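Shown here: work_9.cif, mmCIF, C-alpha atoms and all ligand atoms.
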data_coords
#
loop_
_atom_site.group_PDB
_atom_site.id
_atom_site.type_symbol
_atom_site.label_atom_id
_atom_site.label_comp_id
_atom_site.auth_asym_id
_atom_site.auth_seq_id
_atom_site.Cartn_x
_atom_site.Cartn_y
_atom_site.Cartn_z
ATOM 1 C CA MET T 1 0.000 0.000 0.000
ATOM 2 C CA GLN T 2 1.489 3.324 -0.984
ATOM 3 C CA ILE T 3 0.657 6.785 0.271
ATOM 4 C CA PHE T 4 2.074 9.891 -1.365
ATOM 5 C CA LYS T 5 2.010 13.239 0.374
ATOM 6 C CA THR T 6 4.007 15.349 -2.062
ATOM 7 C CA THR T 7 3.183 16.133 -5.672
ATOM 8 C CA LYS T 8 6.780 15.393 -6.664
ATOM 9 C CA ASN T 9 6.722 11.855 -5.224
ATOM 10 C CA MET T 10 3.299 11.197 -6.719
ATOM 11 C CA GLN T 11 4.460 12.348 -10.146
ATOM 12 C CA THR T 12 7.690 10.330 -10.016
ATOM 13 C CA PHE T 13 5.751 7.215 -9.039
ATOM 14 C CA ILE T 14 3.309 7.674 -11.947
ATOM 15 C CA GLN T 15 6.106 8.355 -14.446
ATOM 16 C CA ASN T 16 7.964 5.195 -13.408
ATOM 17 C CA TYR T 17 4.745 3.178 -13.379
ATOM 18 C CA LYS T 18 3.945 4.265 -16.923
ATOM 19 C CA ILE T 19 7.441 3.344 -18.146
ATOM 20 C CA LYS T 20 7.239 -0.100 -16.547
ATOM 21 C CA ASN T 21 3.599 -0.732 -17.500
ATOM 22 C CA PRO T 22 2.970 1.070 -20.786
ATOM 23 C CA THR T 23 -0.305 -0.741 -21.515
ATOM 24 C CA HIS T 24 -1.815 -0.392 -18.033
ATOM 25 C CA LYS T 25 -4.716 1.959 -17.367
ATOM 26 C CA ILE T 26 -4.569 4.389 -14.443
ATOM 27 C CA GLY T 27 -7.798 5.427 -12.718
ATOM 28 C CA LEU T 28 -8.172 8.488 -10.494
ATOM 29 C CA VAL T 29 -10.897 8.886 -7.880
ATOM 30 C CA PRO T 30 -10.748 12.478 -6.586
ATOM 31 C CA THR T 31 -12.228 12.835 -3.100
ATOM 32 C CA MET T 32 -12.175 15.134 -0.104
ATOM 33 C CA GLY T 33 -11.955 12.142 2.211
ATOM 34 C CA ALA T 34 -14.386 11.001 4.913
ATOM 35 C CA LEU T 35 -14.955 8.122 2.540
ATOM 36 C CA HIS T 36 -18.385 6.488 2.486
ATOM 37 C CA ASN T 37 -19.948 3.757 0.363
ATOM 38 C CA GLY T 38 -20.479 6.218 -2.491
ATOM 39 C CA HIS T 39 -16.707 6.778 -2.720
ATOM 40 C CA LEU T 40 -16.024 3.080 -2.225
ATOM 41 C CA SER T 41 -18.239 2.267 -5.164
ATOM 42 C CA LEU T 42 -16.225 4.704 -7.340
ATOM 43 C CA ILE T 43 -12.954 3.176 -6.100
ATOM 44 C CA ARG T 44 -14.221 -0.358 -6.805
ATOM 45 C CA GLN T 45 -15.225 0.641 -10.337
ATOM 46 C CA SER T 46 -11.761 2.040 -10.910
ATOM 47 C CA VAL T 47 -9.999 -0.993 -9.430
ATOM 48 C CA GLU T 48 -12.122 -3.285 -11.626
ATOM 49 C CA SER T 49 -11.416 -1.406 -14.852
ATOM 50 C CA CYS T 50 -7.878 -0.060 -14.323
ATOM 51 C CA GLU T 51 -4.647 -1.776 -13.287
ATOM 52 C CA LEU T 52 -3.722 1.114 -10.980
ATOM 53 C CA THR T 53 -6.121 3.242 -8.928
ATOM 54 C CA ILE T 54 -5.125 6.469 -7.224
ATOM 55 C CA VAL T 55 -7.512 7.944 -4.653
ATOM 56 C CA SER T 56 -6.792 11.578 -3.908
ATOM 57 C CA ILE T 57 -7.830 12.797 -0.479
ATOM 58 C CA PHE T 58 -7.676 16.563 -0.240
ATOM 59 C CA VAL T 59 -10.123 18.993 1.354
ATOM 60 C CA ASN T 60 -9.751 21.729 -1.224
ATOM 61 C CA PRO T 61 -9.926 25.200 0.368
ATOM 62 C CA THR T 62 -10.577 27.062 -2.895
ATOM 63 C CA GLN T 63 -14.003 25.475 -3.393
ATOM 64 C CA PHE T 64 -15.334 26.600 -0.002
ATOM 65 C CA GLY T 65 -16.834 30.044 0.522
ATOM 66 C CA LYS T 66 -15.734 32.227 3.460
ATOM 67 C CA ASN T 67 -18.718 31.217 5.603
ATOM 68 C CA GLU T 68 -18.769 27.573 4.593
ATOM 69 C CA ASP T 69 -17.682 24.464 6.463
ATOM 70 C CA PHE T 70 -14.018 24.114 5.377
ATOM 71 C CA ASN T 71 -12.751 23.983 8.972
ATOM 72 C CA LYS T 72 -15.342 21.567 10.250
ATOM 73 C CA TYR T 73 -15.516 19.386 7.111
ATOM 74 C CA PRO T 74 -15.163 15.776 8.374
ATOM 75 C CA ARG T 75 -11.580 14.487 8.232
ATOM 76 C CA LYS T 76 -10.928 10.775 8.821
ATOM 77 C CA GLU T 77 -7.456 10.205 7.431
ATOM 78 C CA GLU T 78 -6.623 6.944 9.145
ATOM 79 C CA ALA T 79 -9.941 5.269 8.354
ATOM 80 C CA ASP T 80 -9.727 6.530 4.750
ATOM 81 C CA ILE T 81 -6.228 5.107 4.312
ATOM 82 C CA ASN T 82 -7.356 1.725 5.655
ATOM 83 C CA LEU T 83 -10.334 1.646 3.297
ATOM 84 C CA CYS T 84 -8.127 2.449 0.296
ATOM 85 C CA LYS T 85 -5.675 -0.201 1.423
ATOM 86 C CA SER T 86 -8.443 -2.800 1.620
ATOM 87 C CA LEU T 87 -9.403 -1.983 -1.971
ATOM 88 C CA ASN T 88 -5.830 -1.980 -3.306
ATOM 89 C CA ALA T 89 -5.814 1.689 -4.150
ATOM 90 C CA VAL T 90 -2.840 4.032 -3.830
ATOM 91 C CA VAL T 91 -3.489 7.213 -1.809
ATOM 92 C CA PHE T 92 -2.459 10.725 -2.774
ATOM 93 C CA MET T 93 -2.927 12.934 0.277
ATOM 94 C CA PRO T 94 -1.196 16.262 -0.313
ATOM 95 C CA THR T 95 -1.082 19.269 2.001
ATOM 96 C CA ILE T 96 -2.535 22.650 1.002
ATOM 97 C CA ASP T 97 0.990 24.001 0.413
ATOM 98 C CA GLU T 98 1.733 21.117 -1.931
ATOM 99 C CA MET T 99 -1.376 21.741 -4.016
ATOM 100 C CA TYR T 100 -1.170 25.539 -3.879
ATOM 101 C CA PRO T 101 2.555 26.356 -3.741
ATOM 102 C CA TYR T 102 2.016 29.974 -4.778
ATOM 103 C CA LYS T 103 0.467 32.868 -2.904
ATOM 104 C CA ASP T 104 -3.013 33.861 -4.052
ATOM 105 C CA ASP T 105 -1.818 36.726 -6.259
ATOM 106 C CA MET T 106 0.711 34.481 -8.036
ATOM 107 C CA GLN T 107 -1.702 31.681 -8.883
ATOM 108 C CA ILE T 108 -2.994 30.823 -12.344
ATOM 109 C CA LYS T 109 -6.734 30.667 -11.795
ATOM 110 C CA LEU T 110 -9.312 28.792 -13.770
ATOM 111 C CA LYS T 111 -12.891 29.932 -14.283
ATOM 112 C CA ALA T 112 -15.656 27.396 -14.651
ATOM 113 C CA PRO T 113 -17.905 28.129 -17.661
ATOM 114 C CA GLN T 114 -20.385 30.836 -16.703
ATOM 115 C CA SER T 115 -23.544 29.295 -18.051
ATOM 116 C CA LEU T 116 -22.923 26.030 -16.182
ATOM 117 C CA SER T 117 -21.597 27.510 -12.969
ATOM 118 C CA ASN T 118 -23.687 30.604 -12.216
ATOM 119 C CA THR T 119 -26.825 28.610 -11.596
ATOM 120 C CA LEU T 120 -28.079 26.105 -8.986
ATOM 121 C CA GLU T 121 -25.118 25.247 -6.667
ATOM 122 C CA GLY T 122 -23.041 28.064 -8.149
ATOM 123 C CA LYS T 123 -25.740 30.620 -7.284
ATOM 124 C CA ALA T 124 -25.671 29.628 -3.636
ATOM 125 C CA ARG T 125 -21.894 29.077 -3.554
ATOM 126 C CA ALA T 126 -20.194 31.829 -5.564
ATOM 127 C CA GLY T 127 -16.800 30.728 -6.913
ATOM 128 C CA HIS T 128 -17.332 27.117 -5.805
ATOM 129 C CA PHE T 129 -16.908 25.606 -9.263
ATOM 130 C CA ASP T 130 -13.862 27.773 -10.034
ATOM 131 C CA GLY T 131 -12.198 26.107 -7.054
ATOM 132 C CA VAL T 132 -13.386 22.673 -8.183
ATOM 133 C CA VAL T 133 -11.992 22.965 -11.730
ATOM 134 C CA GLN T 134 -8.795 24.489 -10.350
ATOM 135 C CA VAL T 135 -8.069 21.539 -8.081
ATOM 136 C CA VAL T 136 -9.353 18.854 -10.438
ATOM 137 C CA LEU T 137 -7.119 20.094 -13.263
ATOM 138 C CA LYS T 138 -4.151 20.069 -10.866
ATOM 139 C CA LEU T 139 -5.003 16.491 -9.846
ATOM 140 C CA PHE T 140 -5.345 15.470 -13.503
ATOM 141 C CA ASN T 141 -1.938 16.996 -14.272
ATOM 142 C CA ILE T 142 -0.249 15.322 -11.306
ATOM 143 C CA VAL T 143 -1.765 11.848 -11.742
ATOM 144 C CA THR T 144 -2.264 11.901 -15.563
ATOM 145 C CA PRO T 145 -4.975 9.220 -15.323
ATOM 146 C CA HIS T 146 -6.574 7.483 -18.298
ATOM 147 C CA ARG T 147 -9.911 7.507 -16.483
ATOM 148 C CA ALA T 148 -11.394 9.610 -13.688
ATOM 149 C CA PHE T 149 -14.443 8.586 -11.687
ATOM 150 C CA PHE T 150 -17.154 11.002 -10.497
ATOM 151 C CA GLY T 151 -20.574 10.467 -8.930
ATOM 152 C CA LYS T 152 -23.802 11.678 -10.513
ATOM 153 C CA LYS T 153 -24.885 13.023 -7.130
ATOM 154 C CA ASP T 154 -22.787 16.130 -7.770
ATOM 155 C CA ALA T 155 -24.509 16.530 -11.126
ATOM 156 C CA GLN T 156 -23.405 20.091 -11.817
ATOM 157 C CA GLN T 157 -19.796 19.312 -10.882
ATOM 158 C CA LEU T 158 -19.828 16.291 -13.198
ATOM 159 C CA LEU T 159 -21.162 18.315 -16.154
ATOM 160 C CA ILE T 160 -18.629 21.108 -15.574
ATOM 161 C CA ILE T 161 -15.724 18.654 -15.394
ATOM 162 C CA LYS T 162 -16.889 16.977 -18.606
ATOM 163 C CA GLN T 163 -17.000 20.415 -20.221
ATOM 164 C CA MET T 164 -13.441 21.115 -18.996
ATOM 165 C CA ILE T 165 -12.251 17.808 -20.513
ATOM 166 C CA GLU T 166 -13.692 18.802 -23.895
ATOM 167 C CA ASP T 167 -12.751 22.453 -23.816
ATOM 168 C CA LEU T 168 -9.136 21.900 -22.692
ATOM 169 C CA PHE T 169 -8.636 18.758 -24.851
ATOM 170 C CA LEU T 170 -7.741 16.587 -21.872
ATOM 171 C CA PRO T 171 -7.150 12.939 -22.855
ATOM 172 C CA ILE T 172 -9.095 11.537 -19.899
ATOM 173 C CA GLU T 173 -12.239 9.446 -19.929
ATOM 174 C CA ILE T 174 -14.787 10.531 -17.338
ATOM 175 C CA VAL T 175 -16.696 7.627 -15.828
ATOM 176 C CA GLU T 176 -20.049 8.635 -14.318
ATOM 177 C CA SER T 177 -21.293 6.654 -11.392
ATOM 178 C CA GLN T 178 -24.817 6.152 -10.045
ATOM 179 C CA ILE T 179 -25.894 7.789 -6.789
ATOM 180 C CA ILE T 180 -25.358 5.448 -3.833
ATOM 181 C CA ARG T 181 -28.029 5.542 -1.114
ATOM 182 C CA ASP T 182 -28.354 4.092 2.361
ATOM 183 C CA GLU T 183 -30.936 1.384 3.038
ATOM 184 C CA ASN T 184 -33.606 4.075 3.585
ATOM 185 C CA GLY T 185 -32.897 5.960 0.382
ATOM 186 C CA LEU T 186 -30.805 8.844 1.725
ATOM 187 C CA ALA T 187 -28.121 9.756 -0.824
ATOM 188 C CA LEU T 188 -24.718 9.199 0.767
ATOM 189 C CA SER T 189 -22.679 12.308 1.488
ATOM 190 C CA SER T 190 -19.811 13.107 3.840
ATOM 191 C CA ARG T 191 -22.007 15.932 5.172
ATOM 192 C CA ASN T 192 -24.621 13.403 6.404
ATOM 193 C CA ALA T 193 -22.238 13.082 9.367
ATOM 194 C CA TYR T 194 -23.573 16.468 10.568
ATOM 195 C CA LEU T 195 -27.135 15.066 10.957
ATOM 196 C CA ASN T 196 -28.599 13.504 14.089
ATOM 197 C CA ASP T 197 -31.116 10.617 13.826
ATOM 198 C CA ASP T 198 -34.199 12.875 13.718
ATOM 199 C CA GLU T 199 -32.629 15.034 11.031
ATOM 200 C CA LYS T 200 -31.653 11.950 9.018
ATOM 201 C CA ASN T 201 -35.264 10.859 9.213
ATOM 202 C CA GLU T 202 -36.448 14.240 7.940
ATOM 203 C CA ALA T 203 -33.850 14.037 5.157
ATOM 204 C CA LEU T 204 -35.560 10.923 3.784
ATOM 205 C CA LYS T 205 -38.223 13.245 2.380
ATOM 206 C CA ILE T 206 -35.653 14.357 -0.203
ATOM 207 C CA SER T 207 -35.292 11.012 -1.987
ATOM 208 C CA LYS T 208 -39.003 10.393 -1.448
ATOM 209 C CA SER T 209 -39.806 13.590 -3.343
ATOM 210 C CA LEU T 210 -37.658 12.392 -6.254
ATOM 211 C CA ARG T 211 -39.397 9.025 -6.192
ATOM 212 C CA GLU T 212 -42.765 10.821 -6.382
ATOM 213 C CA ALA T 213 -41.476 12.798 -9.373
ATOM 214 C CA SER T 214 -40.308 9.576 -10.996
ATOM 215 C CA LYS T 215 -43.707 7.901 -10.379
ATOM 216 C CA ALA T 216 -45.543 10.835 -11.943
ATOM 217 C CA ILE T 217 -43.282 10.660 -15.000
ATOM 218 C CA ILE T 218 -43.735 6.878 -15.338
ATOM 219 C CA ASN T 219 -47.491 7.539 -15.226
ATOM 220 C CA GLY T 220 -47.147 9.851 -18.217
ATOM 221 C CA GLU T 221 -46.694 13.326 -16.691
ATOM 222 C CA THR T 222 -44.231 15.424 -18.719
ATOM 223 C CA ASN T 223 -45.037 18.928 -17.482
ATOM 224 C CA SER T 224 -42.184 20.169 -15.262
ATOM 225 C CA LYS T 225 -44.420 22.517 -13.251
ATOM 226 C CA LYS T 226 -46.842 19.720 -12.349
ATOM 227 C CA ILE T 227 -44.000 17.324 -11.512
ATOM 228 C CA LYS T 228 -42.448 19.967 -9.267
ATOM 229 C CA GLU T 229 -45.799 20.504 -7.499
ATOM 230 C CA ILE T 230 -46.211 16.780 -6.836
ATOM 231 C CA ALA T 231 -42.630 16.315 -5.637
ATOM 232 C CA THR T 232 -42.320 19.393 -3.444
ATOM 233 C CA LYS T 233 -45.496 18.443 -1.507
ATOM 234 C CA VAL T 234 -43.388 15.692 0.053
ATOM 235 C CA LEU T 235 -40.841 18.295 1.177
ATOM 236 C CA GLU T 236 -43.374 20.272 3.209
ATOM 237 C CA GLY T 237 -41.856 21.544 6.458
ATOM 238 C CA LEU T 238 -38.317 21.512 5.071
ATOM 239 C CA GLU T 239 -36.315 24.545 3.952
ATOM 240 C CA ILE T 240 -36.094 24.006 0.189
ATOM 241 C CA GLU T 241 -33.196 25.918 -1.344
ATOM 242 C CA TYR T 242 -34.125 24.852 -4.845
ATOM 243 C CA PHE T 243 -36.043 22.216 -6.762
ATOM 244 C CA GLU T 244 -35.252 22.512 -10.451
ATOM 245 C CA ILE T 245 -35.902 20.522 -13.580
ATOM 246 C CA VAL T 246 -33.167 21.177 -16.141
ATOM 247 C CA ASN T 247 -31.507 19.719 -19.231
ATOM 248 C CA LYS T 248 -27.832 18.731 -19.378
ATOM 249 C CA LYS T 249 -26.911 22.328 -20.214
ATOM 250 C CA LEU T 250 -28.583 23.151 -16.900
ATOM 251 C CA GLU T 251 -31.300 25.187 -18.613
ATOM 252 C CA THR T 252 -34.713 25.066 -16.965
ATOM 253 C CA ILE T 253 -37.083 23.032 -19.114
ATOM 254 C CA LYS T 254 -40.878 23.134 -19.243
ATOM 255 C CA THR T 255 -41.265 19.569 -20.499
ATOM 256 C CA ILE T 256 -39.325 16.443 -19.576
ATOM 257 C CA GLU T 257 -36.852 15.383 -22.275
ATOM 258 C CA LYS T 258 -35.867 11.708 -22.396
ATOM 259 C CA ASN T 259 -32.135 11.183 -21.651
ATOM 260 C CA ASN T 260 -31.708 14.911 -21.226
ATOM 261 C CA THR T 261 -33.376 15.790 -17.939
ATOM 262 C CA ILE T 262 -32.040 16.154 -14.424
ATOM 263 C CA ILE T 263 -34.268 16.900 -11.459
ATOM 264 C CA LEU T 264 -32.214 18.545 -8.730
ATOM 265 C CA VAL T 265 -33.155 19.300 -5.189
ATOM 266 C CA VAL T 266 -31.313 21.028 -2.367
ATOM 267 C CA VAL T 267 -32.741 21.213 1.113
ATOM 268 C CA ARG T 268 -31.286 22.661 4.301
ATOM 269 C CA ILE T 269 -31.845 20.781 7.533
ATOM 270 C CA ASN T 270 -30.636 22.636 10.590
ATOM 271 C CA GLY T 271 -28.187 24.538 8.404
ATOM 272 C CA VAL T 272 -26.853 21.427 6.631
ATOM 273 C CA ARG T 273 -27.213 21.597 2.836
ATOM 274 C CA LEU T 274 -28.294 18.261 1.402
ATOM 275 C CA LEU T 275 -28.503 17.650 -2.308
ATOM 276 C CA ASP T 276 -29.960 14.874 -4.364
ATOM 277 C CA ASN T 277 -31.030 14.399 -7.934
ATOM 278 C CA LEU T 278 -32.583 12.167 -10.525
ATOM 279 C CA TRP T 279 -31.316 11.736 -14.082
ATOM 280 C CA LEU T 280 -33.932 10.849 -16.690
HETATM 281 O O1 LIG T 301 -16.629 15.993 -5.172
HETATM 282 C C1 LIG T 301 -15.666 16.253 -4.424
HETATM 283 O O2 LIG T 301 -15.442 15.573 -3.432
HETATM 284 C C2 LIG T 301 -14.776 17.428 -4.735
HETATM 285 O O3 LIG T 301 -15.491 18.488 -5.263
HETATM 286 C C3 LIG T 301 -13.590 17.069 -5.640
HETATM 287 C C4 LIG T 301 -14.052 16.599 -7.003
HETATM 288 C C5 LIG T 301 -12.767 15.970 -4.980
HETATM 289 C C6 LIG T 301 -12.691 18.279 -5.839
HETATM 290 O O4 LIG T 301 -12.196 18.766 -4.648
#
Do you think you could lay out the structure here as structure tokens?
Amino acid sequence: MQIFKTTKNMQTFIQNYKIKNPTHKIGLVPTMGALHNGHLSLIRQSVESCELTIVSIFVNPTQFGKNEDFNKYPRKEEADINLCKSLNAVVFMPTIDEMYPYKDDMQIKLKAPQSLSNTLEGKARAGHFDGVVQVVLKLFNIVTPHRAFFGKKDAQQLLIIKQMIEDLFLPIEIVESQIIRDENGLALSSRNAYLNDDEKNEALKISKSLREASKAIINGETNSKKIKEIATKVLEGLEIEYFEIVNKKLETIKTIEKNNTIILVVVRINGVRLLDNLWL
């Protein structure tokens, strides 16, 4: 089991690995740690389809706003390392100074595409996706993977990263993974750790609302407004930040489009932002 804490050591390892194993595929699973079954499913997919899997564990400061939870974001380094070890994945766990060696005013900064990043999550979290593309491009450059694995739960992030791959001609295949839920339907997230049992129970309304939307659509409803009405009834009593029905360009749509619709919901429970979605 190998753990790399510096970019230089990680890069040297990858360069040597590629020389010794020119036909092998390298998979990257970027994470911020506090690994749960959602991450483990991404890691397993990578291990199954690539000879070498690198899991990066880095709580990226540039994607958190000033009043967000960077300091209290769950950190479980030892448990994370053991999980990666059990799955035969190599860990890249750099420090902030390793990932951001230059002072703020000396950094090259990336901007996520406006039309994809100024809406939904980006509206509530200004600059969030700039920080995400910044760190993900750095990780891609350090690890130079053939494939990178991302969950559909962070739908907007996934679409923005796919756009970056195309726009910057990056030779990396993005593998999209299904949302992983607990036995009650709650979408797994490291932030679920902030919820107590009662709050977790309340949070079940989120996936229930998406199931109601899905039922309505299976029964022939295509009108977004009506679907939203049906689904948001289930969320009564919760603080809904948004419930949107969009296409893959993240434009609001009036009618459901097959293979081109995402229903996204964000709810706050006791200050904790919980997101979930359904791809149609
Ligand atoms: O989805 C996440 O955990 C993060 O946004 C990512 C992709 C690891 C970048 O920091």
Taking all atoms listed in the file and a cut-off of 8 Å, can you tell me which residues surround ligand LIG 301 (chain T), written as a PyMOL selection string? chain T and resi 29-33+56-60+63+131-133+135-136+150-151+154+157
Select, counting all atoms listed in the file, all protein, DNA and RNA residues no farther than 7 Å from (-21.0, 17.7, -0.6) in file coordinates, and express the selection as number ranges by chain. T: 189-191
Could those residues be written to a file, using C-alpha atoms, as a PDB file, in the coordinates of the input?
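Here's the written file selection39.pdb:
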ATOM      1  CA  SER T 189     -22.679  12.308   1.488  1.00  0.00           C
ATOM      2  CA  SER T 190     -19.811  13.107   3.840  1.00  0.00           C
ATOM      3  CA  ARG T 191     -22.007  15.932   5.172  1.00  0.00           C
TER       4      ARG T 191
END
Selection: 10 Å around range 90-101 of chain T, all atoms listed in the file, excl. self and same-chain fewer than 6 positions, as a PyMOL selection string: chain T and resi 1-10+28-33+52-62+77+80-81+84+107+135+138-139+142-143
Residue by residue, what does the PyMOL selection byres (((chain T and resi 114-127) around 10) and not hetatm) grab here? Present the result as a VMD selection string. chain T and resid 62 to 68 111 to 113 128 to 132 154 to 157 159 to 160 163 241 to 244 248 to 251 264 to 266 275
What is the distance, in Å and to one decimal place, between CA of Val272 in chain T and CA of Leu235 in chain T?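 So the two atoms, CA of Val272 in chain T and CA of Leu235 in chain T, lie 15.3 Å apart.
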How would you write, as a compact mmCIF listing (two decimals) with C-alpha atoms, in the frame of the given file, the residues chosen by the PyMOL selection byres (((chain T and resi 209-226) around 8) and not hetatm) on this structure?
# COMPACT_ATOMS: atom_id res chain seq x y z
CA LYS T 205 -38.22 13.24 2.38
CA ILE T 206 -35.65 14.36 -0.20
CA SER T 207 -35.29 11.01 -1.99
CA LYS T 208 -39.00 10.39 -1.45
CA ILE T 227 -44.00 17.32 -11.51
CA LYS T 228 -42.45 19.97 -9.27
CA GLU T 229 -45.80 20.50 -7.50
CA ILE T 230 -46.21 16.78 -6.84
CA ALA T 231 -42.63 16.32 -5.64
CA THR T 232 -42.32 19.39 -3.44
CA LYS T 233 -45.50 18.44 -1.51
CA VAL T 234 -43.39 15.69 0.05
CA LEU T 235 -40.84 18.30 1.18
CA ILE T 245 -35.90 20.52 -13.58
CA ILE T 253 -37.08 23.03 -19.11
CA LYS T 254 -40.88 23.13 -19.24
CA THR T 255 -41.26 19.57 -20.50
CA ILE T 256 -39.33 16.44 -19.58
CA ILE T 263 -34.27 16.90 -11.46
CA ASN T 277 -31.03 14.40 -7.93
CA LEU T 278 -32.58 12.17 -10.52
Find the distance between CA of His36 in chain T and CA of Leu195 in chain T and write it in Å to one decimal.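 That distance, rounded to one decimal, is 14.9 Å.
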Using the chain letters and numbering of this document, enumerate as a PyMOL selection string the residues selected by the PyMOL selection byres (((chain T and resi 170) around 12) and not hetatm). chain T and resi 136-137+140-141+144-148+161-169+171-174
What is the CA of Tyr194 in chain T to CA of Pro74 in chain T distance in Å?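 Taking CA of Tyr194 in chain T and CA of Pro74 in chain T, their separation equals 8.7 Å.
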Using all atoms listed in the file, which residues sit within 12 Å of Asp198 in chain T once same-chain residues fewer than 4 positions away are excluded, as a list of chain:residue names?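 Once the nearby chain positions are removed, what remains is T:Tyr194, T:Glu202, T:Ala203, T:Leu204, T:Ile269, T:Asn270.
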Ala79 in chain T environment, 10 Å, only C-alpha atoms, sequence neighbours closer than 4 positions dropped, as a PyMOL selection string: chain T and resi 33-35+75+83-85
